[in-house]
Protein chains: 2
Amino acid sequence: MPNTNLNIKDIPGGICAAQGFIAGGIKCGIKNPESPKLDLAIIYSTIPSHGAAMFTQNAVRAAPVRLSEAWIKRTPPRAVVVNSGNANACTGCRGMDDARKMADLTAKALKIKRMEVMVCSTGIIGQAMPMSRIEPRIPELVEKLHAGGGDEAAAAIMTSDTRPKITSVEIDIEGVPVRIGGIAKGAGMIHPNMATMLAFVTTDANISPTELRAATKEAVSRSFNRISVDGDTSTNDTAIVLANGAAGNVRISRGSEHSRLFREALTTVMLRLGKMIVGDGERITRLVEVVVRGARSQSDAERAARAVGNSLLVKSSWNGGDPNWGRILHAVGYSGAHLREEQVDIFIDGLCAARQGLASATPYEKLAKVVANREFTVTIDLNLGSGTFNLYTSDLSPEYVDFNRTEYSAKNKK
Amino acid sequence: MPNTNLNIKDIPGGICAAQGFIAGGIKCGIKNPESPKLDLAIIYSTIPSHGAAMFTQNAVRAAPVRLSEAWIKRTPPRAVVVNSGNANACTGCRGMDDARKMADLTAKALKIKRMEVMVCSTGIIGQAMPMSRIEPRIPELVEKLHAGGGDEAAAAIMTSDTRPKITSVEIDIEGVPVRIGGIAKGAGMIHPNMATMLAFVTTDANISPTELRAATKEAVSRSFNRISVDGDTSTNDTAIVLANGAAGNVRISRGSEHSRLFREALTTVMLRLGKMIVGDGERITRLVEVVVRGARSQSDAERAARAVGNSLLVKSSWNGGDPNWGRILHAVGYSGAHLREEQVDIFIDGLCAARQGLASATPYEKLAKVVANREFTVTIDLNLGSGTFNLYTSDLSPEYVDFNRTEYSAKNKK
């Protein structure tokens, strides 16, 4: 959990809250030429910047992931071009060519080097990118980039999201305000190790590249890697942080006194985006924090939390507002975590549901009332050690399944 | 796969096909006193027998599992008493007392030792057994046991199953017919390592205890451990095989020439029951065999098959009759199995859906037609080695989720 004692202030502006960043979104009709939806976004630092990124751990990697991952190792990034509606995954050489072309066109219009452009895509897998609809719009979008364009960019990266995900904060470093803003898209397929999730964070912090990389890694592991909607990890997940130093603060370097504050603020931004993603999972009705404590080790705690957070039966019961603690215990049981059944306590929002592996005295009605809420916390205490882990997850609704039944057919049926 | 060249003949009779076994089922109203459903079964060998069993790997173990597992190590079993409607899991000392009482009453009525009785329960977790409704019915049920009672027993062990699962086969050992019959219950929560699944197999084979244990272990790993409906493993899973030697065949011992035939026949019985369980999963509409081949190792193949067979998104797409091979590849990608994306081929019932990681030339309509069937096979060839694994799984329907939303509330709401 981010340390809330630190002074992290909410500010408006999203990715354009950080000075020197402009952005925009436009409609190309990538998924459907008739749709009014924005589907192409660009984020750009008007002054030189550098960056850090985390990519999917799926062995099947989309073309833009391969490209961006290779380029960021060699060149500090300054822009991001993102499309929704097509993942450009499982698309072979043609997909690599298309991703490269997106970078080329963006770089040309921005008058920067192509390797300074990160490329991201999200949407259906295994379909060629409709480049003829994208190519002509890139120069047009670059023309339109502006300091109020963060919301357009947030809208353009959405797929099945029902609302844009935007946040920004400010910290004070020796009297100098430093801003961090982010946008993200998620919905469905949200899982550990980052799944169909794109997140873009900008900061005007003056920070060393080494510290930015370390801070990004830590923040991702404390935020996006602790959210789960359906247990699937995607071919396209990417989190990119761009930093341009426009704030003019004293440089934040690894181990410096300000690095803790910066990391907490970055984690706050990412965790907020992560919780927005879970809360907006496809057709979900509950946002649940699963906390495991008292485990023999942290990895045991993580294992148990993930088993609970990914159990179809547990998630179905939450959807029904059903305080079925037996299913929770049963998921912990098969998680592989060490446990002694007769030592396990389960709490729902602080109400004891099971004590020492048995039904507690808490009346059913009280438990049911808590599980009827849109948000609650399930705490599982294994009472064995000091390992803890927390995971943000959701329920599973009949509508989720219904929603995910025919994506491929919808695209391919004539 | 069982070797179909061996001579394994279908016969009627289920668990009473094997000579010397009688069975029966009765209604106690365990879950609901008004329900007409049978919910208590007994299987009994009229002559001394021995047995082998496999129990759930869940760290949370129901009382009857703990009891039966301890007893079978010390005493050859001769009877099984099973109830549905209550799992007697997460019930503490009271649960152990209740399980012991069920064995005591059964043993007394059958005039055998209590440790000769295996106890099994299935149903809701965390509720005390309604012993007052069960106790008086055990002697009554014992009275009624008969050689035609296998079907009653099969009906009495059902929970959300829509139909009983019964099969029996005969093999010939040096001119002597030997029979193996089985019943099972499943539906929902069916997963590797045996989940909310009970299976009871009887055989009149003359077989050594050592060979029976080895054969049971092998058959379970080739059948029940290769089925999956929803990825959850249960607190109560049990497979028990009883053998009484009534056939009078030459003794089957470990490594003897007849052991291969017996193992294949036992696997056939268990695999048939397993496929019936998957095919009768809660509200499922597709029975899918996932075959992974060409993996670097068998464990890689298993990992990939389980990731595909347990992916919510893959299962949802099958429910929609959607040949979404991209989601299949993507699940293989996060399975942890070694792969080179550009070498992966995917077939659906022999039709190529993806070749070398890319969409194949097979028209969408052809693929959709195959996925519209109730049964089909998805073959994933990693083209890296010789590791193979096959898994029987199902789709995931909105109705499954709906069905699983309120079990606990239904039981607890007033």
# chains A, B, ... in the order shown; residues from 1 in each chain; ligands from 1
>>> interface_residues(of="chain A", to="chain B", cutoff="6 Å", atoms="only C-alpha atoms", output="list in words")
Asn58, Ala59, Val60, Cys90, Thr91, Ile125, Gly126, Ser316, Ser317, Gly320, Asp322, Asn324, Gly326, Gly333, Tyr334, Glu341, Gly357, Leu358, Pro398, Val401, Asp402, Asn404, Arg405, Thr406, Tyr408 and Ser409 of chain A
>>> write_last_selection(atoms="C-alpha atoms", output="mmCIF file, in the first residue's frame")
data_model
loop_
_atom_site.group_PDB
_atom_site.id
_atom_site.type_symbol
_atom_site.label_atom_id
_atom_site.label_comp_id
_atom_site.auth_asym_id
_atom_site.auth_seq_id
_atom_site.Cartn_x
_atom_site.Cartn_y
_atom_site.Cartn_z
ATOM 1 C CA ASN A 58 3.221 -13.583 -22.123
ATOM 2 C CA ALA A 59 5.494 -15.643 -24.409
ATOM 3 C CA VAL A 60 3.259 -14.616 -27.295
ATOM 4 C CA CYS A 90 -0.157 -12.950 -33.986
ATOM 5 C CA THR A 91 0.352 -10.976 -37.159
ATOM 6 C CA ILE A 125 -5.717 -10.721 -31.871
ATOM 7 C CA GLY A 126 -4.741 -12.276 -35.191
ATOM 8 C CA SER A 316 -19.567 -16.119 -9.029
ATOM 9 C CA SER A 317 -20.648 -16.081 -5.385
ATOM 10 C CA GLY A 320 -24.652 -13.122 -6.249
ATOM 11 C CA ASP A 322 -23.290 -14.551 -1.422
ATOM 12 C CA ASN A 324 -19.741 -18.109 0.699
ATOM 13 C CA GLY A 326 -16.410 -22.092 2.354
ATOM 14 C CA GLY A 333 -6.756 -24.942 0.217
ATOM 15 C CA TYR A 334 -5.775 -25.711 -3.355
ATOM 16 C CA GLU A 341 -7.297 -25.567 8.196
ATOM 17 C CA GLY A 357 -11.670 -22.973 9.767
ATOM 18 C CA LEU A 358 -15.264 -23.113 10.949
ATOM 19 C CA PRO A 398 -23.114 -14.046 -16.347
ATOM 20 C CA VAL A 401 -19.316 -14.534 -20.154
ATOM 21 C CA ASP A 402 -22.050 -13.453 -22.501
ATOM 22 C CA ASN A 404 -16.987 -12.572 -24.305
ATOM 23 C CA ARG A 405 -18.746 -15.271 -26.277
ATOM 24 C CA THR A 406 -18.502 -14.045 -29.845
ATOM 25 C CA TYR A 408 -14.063 -13.429 -33.109
ATOM 26 C CA SER A 409 -17.292 -14.244 -34.917
#
>>> calpha_fit_and_write(fixed="chain B", moving="chain A", output="short mmCIF file (atom, residue, chain, number, x, y, z; two decimals) with C-alpha atoms, in the first residue's frame")
data_model
loop_
_atom_site.label_atom_id
_atom_site.label_comp_id
_atom_site.auth_asym_id
_atom_site.auth_seq_id
_atom_site.Cartn_x
_atom_site.Cartn_y
_atom_site.Cartn_z
CA MET A 1 -5.51 -42.74 -24.16
CA PRO A 2 -6.57 -46.28 -23.33
CA ASN A 3 -5.37 -48.82 -25.82
CA THR A 4 -8.45 -49.67 -27.84
CA ASN A 5 -6.85 -52.72 -29.40
CA LEU A 6 -7.26 -54.60 -26.18
CA ASN A 7 -10.39 -56.59 -25.77
CA ILE A 8 -12.57 -54.56 -23.41
CA LYS A 9 -16.25 -55.36 -23.76
CA ASP A 10 -19.18 -53.20 -22.66
CA ILE A 11 -21.63 -54.88 -20.33
CA PRO A 12 -24.60 -53.57 -18.35
CA GLY A 13 -24.82 -53.47 -14.57
CA GLY A 14 -22.62 -50.57 -13.38
CA ILE A 15 -21.13 -51.20 -9.95
CA CYS A 16 -23.23 -54.34 -9.58
CA ALA A 17 -21.88 -55.84 -12.79
CA ALA A 18 -19.00 -57.17 -10.71
CA GLN A 19 -20.09 -60.30 -8.90
CA GLY A 20 -20.62 -60.14 -5.16
CA PHE A 21 -21.42 -56.43 -5.02
CA ILE A 22 -24.77 -55.03 -3.90
CA ALA A 23 -25.80 -51.41 -3.56
CA GLY A 24 -28.69 -49.06 -2.92
CA GLY A 25 -29.81 -45.47 -2.45
CA ILE A 26 -32.39 -43.81 -0.26
CA LYS A 27 -33.80 -40.36 0.48
CA CYS A 28 -32.97 -38.72 3.81
CA GLY A 29 -33.73 -35.10 2.92
CA ILE A 30 -30.16 -34.04 3.77
CA LYS A 31 -30.19 -30.82 1.80
CA ASN A 32 -33.90 -30.25 1.88
CA PRO A 33 -36.35 -32.47 3.76
CA GLU A 34 -39.01 -31.81 1.12
CA SER A 35 -36.86 -32.83 -1.86
CA PRO A 36 -37.71 -36.16 -3.48
CA LYS A 37 -34.01 -36.65 -4.33
CA LEU A 38 -32.10 -39.73 -3.18
CA ASP A 39 -29.12 -38.61 -1.10
CA LEU A 40 -27.61 -41.57 0.71
CA ALA A 41 -25.95 -44.56 -0.95
CA ILE A 42 -24.19 -47.71 0.20
CA ILE A 43 -22.00 -50.04 -1.87
CA TYR A 44 -21.07 -53.37 -0.29
CA SER A 45 -19.12 -56.47 -1.16
CA THR A 46 -20.92 -59.54 0.21
CA ILE A 47 -17.59 -61.33 0.44
CA PRO A 48 -14.33 -59.95 1.87
CA SER A 49 -12.66 -57.43 -0.39
CA HIS A 50 -9.79 -55.01 -0.46
CA GLY A 51 -9.39 -51.61 -2.09
CA ALA A 52 -7.41 -48.64 -3.26
CA ALA A 53 -8.29 -44.96 -3.14
CA MET A 54 -7.13 -41.53 -4.26
CA PHE A 55 -8.11 -38.42 -2.31
CA THR A 56 -8.18 -34.69 -3.00
CA GLN A 57 -4.91 -32.76 -2.99
CA ASN A 58 -6.64 -29.73 -1.49
CA ALA A 59 -4.99 -28.76 1.82
CA VAL A 60 -8.47 -28.21 3.21
CA ARG A 61 -9.86 -31.72 3.58
CA ALA A 62 -13.36 -32.76 4.48
CA ALA A 63 -13.87 -34.92 7.55
CA PRO A 64 -14.84 -38.07 5.59
CA VAL A 65 -11.70 -37.70 3.45
CA ARG A 66 -9.49 -37.58 6.54
CA LEU A 67 -11.26 -40.55 8.02
CA SER A 68 -11.31 -42.76 4.92
CA GLU A 69 -7.72 -41.94 4.04
CA ALA A 70 -6.54 -43.00 7.49
CA TRP A 71 -8.63 -46.15 7.62
CA ILE A 72 -7.83 -47.56 4.18
CA LYS A 73 -4.15 -47.56 5.14
CA ARG A 74 -4.93 -49.90 8.02
CA THR A 75 -7.88 -52.06 6.93
CA PRO A 76 -9.01 -53.44 3.57
CA PRO A 77 -12.36 -51.77 2.81
CA ARG A 78 -15.55 -53.68 2.09
CA ALA A 79 -18.24 -50.98 1.98
CA VAL A 80 -18.74 -47.34 1.07
CA VAL A 81 -21.36 -45.03 2.55
CA VAL A 82 -21.89 -41.77 0.67
CA ASN A 83 -24.19 -38.82 1.10
CA SER A 84 -24.92 -35.89 -1.19
CA GLY A 85 -26.24 -32.47 -0.14
CA ASN A 86 -23.62 -31.76 2.52
CA ALA A 87 -19.83 -31.99 2.11
CA ASN A 88 -19.08 -32.29 5.82
CA ALA A 89 -16.11 -30.00 5.10
CA CYS A 90 -14.88 -27.16 7.34
CA THR A 91 -16.90 -28.72 10.11
CA GLY A 92 -14.16 -29.37 12.68
CA CYS A 93 -14.43 -32.02 15.44
CA ARG A 94 -18.17 -32.25 15.04
CA GLY A 95 -17.62 -33.18 11.39
CA MET A 96 -15.17 -35.95 12.33
CA ASP A 97 -17.66 -37.31 14.87
CA ASP A 98 -20.40 -37.29 12.26
CA ALA A 99 -18.28 -39.08 9.66
CA ARG A 100 -17.29 -41.69 12.25
CA LYS A 101 -20.92 -42.14 13.23
CA MET A 102 -21.88 -42.78 9.60
CA ALA A 103 -19.24 -45.50 9.45
CA ASP A 104 -20.30 -46.97 12.79
CA LEU A 105 -23.95 -47.24 11.85
CA THR A 106 -23.14 -48.72 8.44
CA ALA A 107 -20.71 -51.25 9.92
CA LYS A 108 -23.16 -52.27 12.60
CA ALA A 109 -25.98 -52.83 10.12
CA LEU A 110 -23.66 -54.76 7.77
CA LYS A 111 -22.05 -56.64 10.65
CA ILE A 112 -18.53 -55.68 9.59
CA LYS A 113 -15.79 -53.62 11.27
CA ARG A 114 -16.17 -49.87 11.15
CA MET A 115 -12.77 -49.40 9.55
CA GLU A 116 -13.98 -51.52 6.66
CA VAL A 117 -16.39 -48.69 5.79
CA MET A 118 -15.24 -45.81 3.62
CA VAL A 119 -17.21 -42.57 4.14
CA CYS A 120 -17.75 -39.92 1.46
CA SER A 121 -19.74 -36.71 1.39
CA THR A 122 -20.46 -34.10 -1.27
CA GLY A 123 -22.42 -30.88 -1.19
CA ILE A 124 -22.22 -27.55 0.59
CA ILE A 125 -19.15 -26.67 2.65
CA GLY A 126 -19.18 -25.38 6.22
CA GLN A 127 -22.53 -26.68 7.38
CA ALA A 128 -23.06 -29.28 10.09
CA MET A 129 -24.39 -32.63 8.85
CA PRO A 130 -28.10 -33.11 9.63
CA MET A 131 -27.34 -36.39 11.41
CA SER A 132 -30.81 -36.74 12.85
CA ARG A 133 -32.10 -37.19 9.32
CA ILE A 134 -29.32 -39.62 8.32
CA GLU A 135 -28.90 -41.91 11.31
CA PRO A 136 -32.29 -43.66 11.24
CA ARG A 137 -32.06 -44.32 7.49
CA ILE A 138 -28.76 -46.21 7.42
CA PRO A 139 -30.10 -49.53 8.83
CA GLU A 140 -33.10 -49.18 6.53
CA LEU A 141 -30.84 -48.67 3.49
CA VAL A 142 -28.68 -51.67 4.44
CA GLU A 143 -31.84 -53.83 4.53
CA LYS A 144 -32.62 -52.76 0.98
CA LEU A 145 -29.23 -53.35 -0.64
CA HIS A 146 -29.54 -55.57 -3.70
CA ALA A 147 -27.72 -56.59 -6.86
CA GLY A 148 -29.89 -54.23 -8.93
CA GLY A 149 -29.21 -51.25 -6.66
CA GLY A 150 -26.31 -49.69 -8.57
CA ASP A 151 -28.54 -47.20 -10.35
CA GLU A 152 -30.07 -46.03 -7.09
CA ALA A 153 -26.59 -45.49 -5.68
CA ALA A 154 -25.59 -43.57 -8.83
CA ALA A 155 -28.64 -41.34 -8.41
CA ALA A 156 -28.10 -40.80 -4.69
CA ILE A 157 -24.58 -39.39 -5.08
CA MET A 158 -25.63 -36.69 -7.60
CA THR A 159 -25.56 -33.02 -6.59
CA SER A 160 -25.97 -30.60 -9.47
CA ASP A 161 -25.47 -33.45 -11.95
CA THR A 162 -28.30 -33.63 -14.45
CA ARG A 163 -27.88 -37.38 -15.02
CA PRO A 164 -26.29 -40.37 -13.30
CA LYS A 165 -22.90 -41.55 -14.51
CA ILE A 166 -22.63 -45.30 -14.86
CA THR A 167 -20.45 -47.64 -16.88
CA SER A 168 -19.19 -51.23 -16.79
CA VAL A 169 -16.89 -53.41 -18.85
CA GLU A 170 -15.72 -56.99 -18.99
CA ILE A 171 -12.31 -58.41 -19.82
CA ASP A 172 -11.23 -61.95 -20.30
CA ILE A 173 -8.38 -63.36 -18.27
CA GLU A 174 -7.42 -66.83 -19.44
CA GLY A 175 -11.01 -67.63 -20.32
CA VAL A 176 -12.45 -66.20 -17.09
CA PRO A 177 -14.66 -63.10 -17.38
CA VAL A 178 -13.62 -60.27 -15.04
CA ARG A 179 -15.89 -57.26 -14.57
CA ILE A 180 -15.21 -53.65 -13.66
CA GLY A 181 -18.06 -51.20 -13.06
CA GLY A 182 -18.21 -47.62 -11.88
CA ILE A 183 -20.41 -44.71 -10.92
CA ALA A 184 -19.42 -41.09 -10.43
CA LYS A 185 -20.71 -37.66 -9.65
CA GLY A 186 -19.27 -34.38 -10.78
CA ALA A 187 -20.71 -31.22 -12.29
CA GLY A 188 -19.03 -27.92 -11.61
CA MET A 189 -15.69 -27.47 -9.95
CA ILE A 190 -14.14 -30.27 -11.97
CA HIS A 191 -10.42 -29.85 -12.22
CA PRO A 192 -7.05 -31.53 -12.27
CA ASN A 193 -6.13 -33.36 -9.15
CA MET A 194 -9.72 -34.40 -8.81
CA ALA A 195 -12.30 -31.81 -7.87
CA THR A 196 -15.75 -32.17 -6.35
CA MET A 197 -15.81 -35.53 -7.83
CA LEU A 198 -16.68 -38.85 -6.35
CA ALA A 199 -16.08 -42.07 -8.22
CA PHE A 200 -16.68 -45.60 -7.02
CA VAL A 201 -15.45 -48.58 -8.95
CA THR A 202 -16.02 -52.22 -8.15
CA THR A 203 -14.36 -55.24 -9.66
CA ASP A 204 -14.61 -58.96 -9.10
CA ALA A 205 -11.03 -59.35 -10.27
CA ASN A 206 -8.69 -61.47 -8.24
CA ILE A 207 -5.87 -58.92 -7.95
CA SER A 208 -3.10 -58.25 -5.48
CA PRO A 209 -3.51 -55.19 -3.26
CA THR A 210 -0.21 -53.77 -4.53
CA GLU A 211 -1.25 -54.09 -8.15
CA LEU A 212 -4.69 -52.65 -7.38
CA ARG A 213 -3.09 -49.58 -5.82
CA ALA A 214 -0.70 -49.10 -8.74
CA ALA A 215 -3.47 -49.63 -11.29
CA THR A 216 -5.74 -47.16 -9.51
CA LYS A 217 -3.03 -44.53 -9.38
CA GLU A 218 -2.27 -44.93 -13.07
CA ALA A 219 -5.91 -44.95 -14.12
CA VAL A 220 -6.74 -41.83 -12.07
CA SER A 221 -3.80 -39.94 -13.54
CA ARG A 222 -4.94 -40.86 -17.05
CA SER A 223 -8.60 -40.03 -16.47
CA PHE A 224 -9.88 -37.93 -13.58
CA ASN A 225 -6.70 -35.87 -13.44
CA ARG A 226 -7.21 -34.92 -17.09
CA ILE A 227 -10.63 -33.37 -16.81
CA SER A 228 -11.40 -29.76 -16.00
CA VAL A 229 -14.56 -27.71 -15.89
CA ASP A 230 -13.71 -24.64 -13.87
CA GLY A 231 -10.26 -24.93 -12.42
CA ASP A 232 -11.33 -25.33 -8.80
CA THR A 233 -10.26 -28.39 -6.80
CA SER A 234 -12.47 -29.58 -4.03
CA THR A 235 -12.16 -30.54 -0.39
CA ASN A 236 -13.94 -33.86 -0.88
CA ASP A 237 -12.73 -35.55 -4.06
CA THR A 238 -12.39 -39.27 -3.73
CA ALA A 239 -12.02 -42.23 -6.06
CA ILE A 240 -12.35 -45.65 -4.46
CA VAL A 241 -11.86 -49.03 -6.10
CA LEU A 242 -13.06 -52.20 -4.35
CA ALA A 243 -11.94 -55.64 -5.53
CA ASN A 244 -13.35 -58.90 -4.16
CA GLY A 245 -11.89 -61.64 -6.35
CA ALA A 246 -15.29 -63.24 -7.03
CA ALA A 247 -14.43 -63.76 -10.70
CA GLY A 248 -11.95 -66.44 -9.70
CA ASN A 249 -9.41 -65.45 -12.35
CA VAL A 250 -5.74 -66.24 -12.04
CA ARG A 251 -4.39 -63.59 -9.67
CA ILE A 252 -3.30 -60.33 -11.29
CA SER A 253 -0.11 -59.15 -9.64
CA ARG A 254 2.29 -56.33 -10.32
CA GLY A 255 4.14 -56.89 -13.55
CA SER A 256 2.08 -59.98 -14.42
CA GLU A 257 1.00 -60.47 -18.00
CA HIS A 258 -2.62 -59.54 -17.23
CA SER A 259 -1.90 -56.35 -15.38
CA ARG A 260 -1.70 -54.27 -18.59
CA LEU A 261 -5.17 -55.42 -19.67
CA PHE A 262 -6.64 -54.78 -16.22
CA ARG A 263 -5.12 -51.28 -16.08
CA GLU A 264 -6.45 -50.41 -19.52
CA ALA A 265 -9.90 -51.60 -18.56
CA LEU A 266 -9.83 -49.66 -15.30
CA THR A 267 -8.65 -46.56 -17.19
CA THR A 268 -11.45 -47.05 -19.72
CA VAL A 269 -14.04 -47.11 -16.93
CA MET A 270 -12.60 -44.04 -15.22
CA LEU A 271 -12.09 -42.08 -18.44
CA ARG A 272 -15.67 -42.75 -19.48
CA LEU A 273 -16.89 -41.54 -16.10
CA GLY A 274 -14.57 -38.53 -16.37
CA LYS A 275 -15.92 -37.55 -19.77
CA MET A 276 -19.47 -37.97 -18.52
CA ILE A 277 -18.59 -35.59 -15.69
CA VAL A 278 -17.22 -32.92 -18.02
CA GLY A 279 -20.11 -33.37 -20.43
CA ASP A 280 -22.48 -32.81 -17.53
CA GLY A 281 -20.63 -29.81 -16.03
CA GLU A 282 -22.92 -27.15 -14.69
CA ARG A 283 -24.74 -25.60 -17.64
CA ILE A 284 -22.07 -26.47 -20.17
CA THR A 285 -22.74 -26.81 -23.89
CA ARG A 286 -19.40 -28.04 -25.26
CA LEU A 287 -17.12 -30.98 -24.45
CA VAL A 288 -13.66 -30.14 -25.72
CA GLU A 289 -10.54 -32.27 -25.79
CA VAL A 290 -7.45 -30.07 -25.69
CA VAL A 291 -4.42 -31.87 -27.09
CA VAL A 292 -0.99 -30.29 -26.87
CA ARG A 293 1.78 -31.94 -28.81
CA GLY A 294 5.28 -31.04 -29.92
CA ALA A 295 6.08 -29.55 -26.51
CA ARG A 296 9.60 -29.62 -25.14
CA SER A 297 8.45 -31.85 -22.29
CA GLN A 298 5.32 -33.53 -21.05
CA SER A 299 5.04 -31.04 -18.20
CA ASP A 300 5.19 -28.17 -20.71
CA ALA A 301 2.42 -29.86 -22.68
CA GLU A 302 0.35 -30.24 -19.53
CA ARG A 303 0.91 -26.62 -18.54
CA ALA A 304 -0.21 -25.40 -21.95
CA ALA A 305 -3.25 -27.68 -22.06
CA ARG A 306 -4.37 -26.60 -18.61
CA ALA A 307 -3.92 -22.89 -19.40
CA VAL A 308 -6.12 -23.26 -22.48
CA GLY A 309 -8.66 -25.50 -20.76
CA ASN A 310 -9.01 -23.14 -17.81
CA SER A 311 -9.01 -19.79 -19.61
CA LEU A 312 -12.25 -17.92 -19.01
CA LEU A 313 -11.88 -16.18 -22.33
CA VAL A 314 -11.24 -19.35 -24.31
CA LYS A 315 -14.11 -21.12 -22.58
CA SER A 316 -16.47 -18.18 -23.10
CA SER A 317 -15.63 -18.15 -26.81
CA TRP A 318 -16.43 -21.87 -27.12
CA ASN A 319 -19.78 -21.18 -25.51
CA GLY A 320 -20.45 -18.67 -28.25
CA GLY A 321 -19.36 -21.13 -30.97
CA ASP A 322 -16.54 -18.70 -31.70
CA PRO A 323 -13.36 -20.21 -33.25
CA ASN A 324 -11.20 -17.60 -31.50
CA TRP A 325 -7.76 -19.19 -32.02
CA GLY A 326 -6.03 -15.96 -30.93
CA ARG A 327 -7.27 -16.49 -27.37
CA ILE A 328 -6.01 -20.08 -27.47
CA LEU A 329 -2.55 -18.98 -28.58
CA HIS A 330 -2.58 -16.24 -25.99
CA ALA A 331 -3.39 -18.74 -23.20
CA VAL A 332 -0.58 -21.01 -24.38
CA GLY A 333 1.58 -17.89 -24.29
CA TYR A 334 1.06 -17.24 -20.60
CA SER A 335 1.09 -20.91 -19.59
CA GLY A 336 4.81 -20.93 -18.92
CA ALA A 337 5.41 -23.58 -21.59
CA HIS A 338 8.37 -22.97 -23.88
CA LEU A 339 7.23 -21.86 -27.30
CA ARG A 340 8.19 -19.97 -30.38
CA GLU A 341 5.12 -18.09 -31.48
CA GLU A 342 6.00 -18.47 -35.15
CA GLN A 343 6.11 -22.26 -34.85
CA VAL A 344 2.73 -22.83 -33.22
CA ASP A 345 -0.02 -24.54 -35.23
CA ILE A 346 -3.60 -24.79 -33.98
CA PHE A 347 -6.19 -27.22 -35.31
CA ILE A 348 -9.86 -27.55 -34.49
CA ASP A 349 -11.09 -31.07 -35.28
CA GLY A 350 -8.27 -31.34 -37.79
CA LEU A 351 -9.02 -28.04 -39.53
CA CYS A 352 -6.06 -25.68 -39.41
CA ALA A 353 -7.05 -22.51 -37.54
CA ALA A 354 -3.57 -21.04 -37.16
CA ARG A 355 -0.34 -21.96 -38.93
CA GLN A 356 3.03 -20.79 -37.60
CA GLY A 357 1.32 -18.42 -35.19
CA LEU A 358 -0.76 -16.71 -37.85
CA ALA A 359 -4.32 -17.01 -39.12
CA SER A 360 -4.61 -19.95 -41.50
CA ALA A 361 -6.31 -19.87 -44.86
CA THR A 362 -9.24 -21.93 -43.55
CA PRO A 363 -12.42 -19.92 -44.09
CA TYR A 364 -14.07 -18.65 -40.93
CA GLU A 365 -17.33 -20.40 -41.78
CA LYS A 366 -15.66 -23.81 -41.81
CA LEU A 367 -14.09 -23.28 -38.40
CA ALA A 368 -17.31 -21.88 -36.96
CA LYS A 369 -19.19 -24.94 -38.15
CA VAL A 370 -16.89 -27.25 -36.17
CA VAL A 371 -17.05 -25.14 -33.01
CA ALA A 372 -20.84 -25.24 -33.27
CA ASN A 373 -20.69 -28.97 -32.50
CA ARG A 374 -21.21 -30.23 -28.98
CA GLU A 375 -17.87 -32.05 -29.07
CA PHE A 376 -14.62 -31.15 -30.77
CA THR A 377 -10.87 -31.41 -30.31
CA VAL A 378 -8.45 -28.48 -30.20
CA THR A 379 -4.93 -29.54 -31.06
CA ILE A 380 -2.02 -27.22 -30.39
CA ASP A 381 1.27 -28.24 -31.92
CA LEU A 382 4.24 -26.37 -30.48
CA ASN A 383 6.57 -28.05 -32.98
CA LEU A 384 9.45 -28.07 -30.52
CA GLY A 385 9.71 -31.58 -29.14
CA SER A 386 7.79 -34.72 -28.31
CA GLY A 387 5.88 -33.73 -25.15
CA THR A 388 2.14 -34.37 -25.33
CA PHE A 389 -0.83 -34.04 -22.99
CA ASN A 390 -4.56 -34.17 -23.42
CA LEU A 391 -7.24 -32.63 -21.24
CA TYR A 392 -11.03 -32.92 -21.38
CA THR A 393 -12.73 -29.64 -20.63
CA SER A 394 -15.85 -27.66 -21.36
CA ASP A 395 -17.07 -24.23 -22.30
CA LEU A 396 -18.20 -21.65 -19.74
CA SER A 397 -21.73 -20.39 -19.99
CA PRO A 398 -23.46 -17.34 -18.54
CA GLU A 399 -25.81 -19.88 -16.96
CA TYR A 400 -22.90 -21.54 -15.12
CA VAL A 401 -22.12 -18.28 -13.39
CA ASP A 402 -25.76 -17.60 -12.71
CA PHE A 403 -26.15 -21.08 -11.29
CA ASN A 404 -23.23 -20.58 -8.92
CA ARG A 405 -24.14 -17.14 -7.64
CA THR A 406 -26.18 -17.87 -4.54
CA GLU A 407 -25.55 -21.38 -3.18
CA TYR A 408 -24.64 -20.14 0.28
CA SER A 409 -27.49 -17.65 0.50
CA ALA A 410 -30.01 -20.21 -0.66
CA LYS A 411 -28.94 -22.32 2.28
CA ASN A 412 -28.69 -19.54 4.85
CA LYS A 413 -31.26 -16.94 3.97
CA LYS A 414 -34.36 -17.07 6.11
#
>>> select_by_dssp(residues="stretch 64-250 of chain B", states="strand (DSSP E)", output="VMD selection string")
chain B and resid 79 to 86 117 to 124 165 to 173 176 to 185 198 to 203 227 to 228 238 to 243
>>> select_by_dssp(residues="stretch 7-120 of chain A", states="helix (DSSP H, G or I)", output="PyMOL selection string")
chain A and resi 14-16+63-74+92-110+114-116
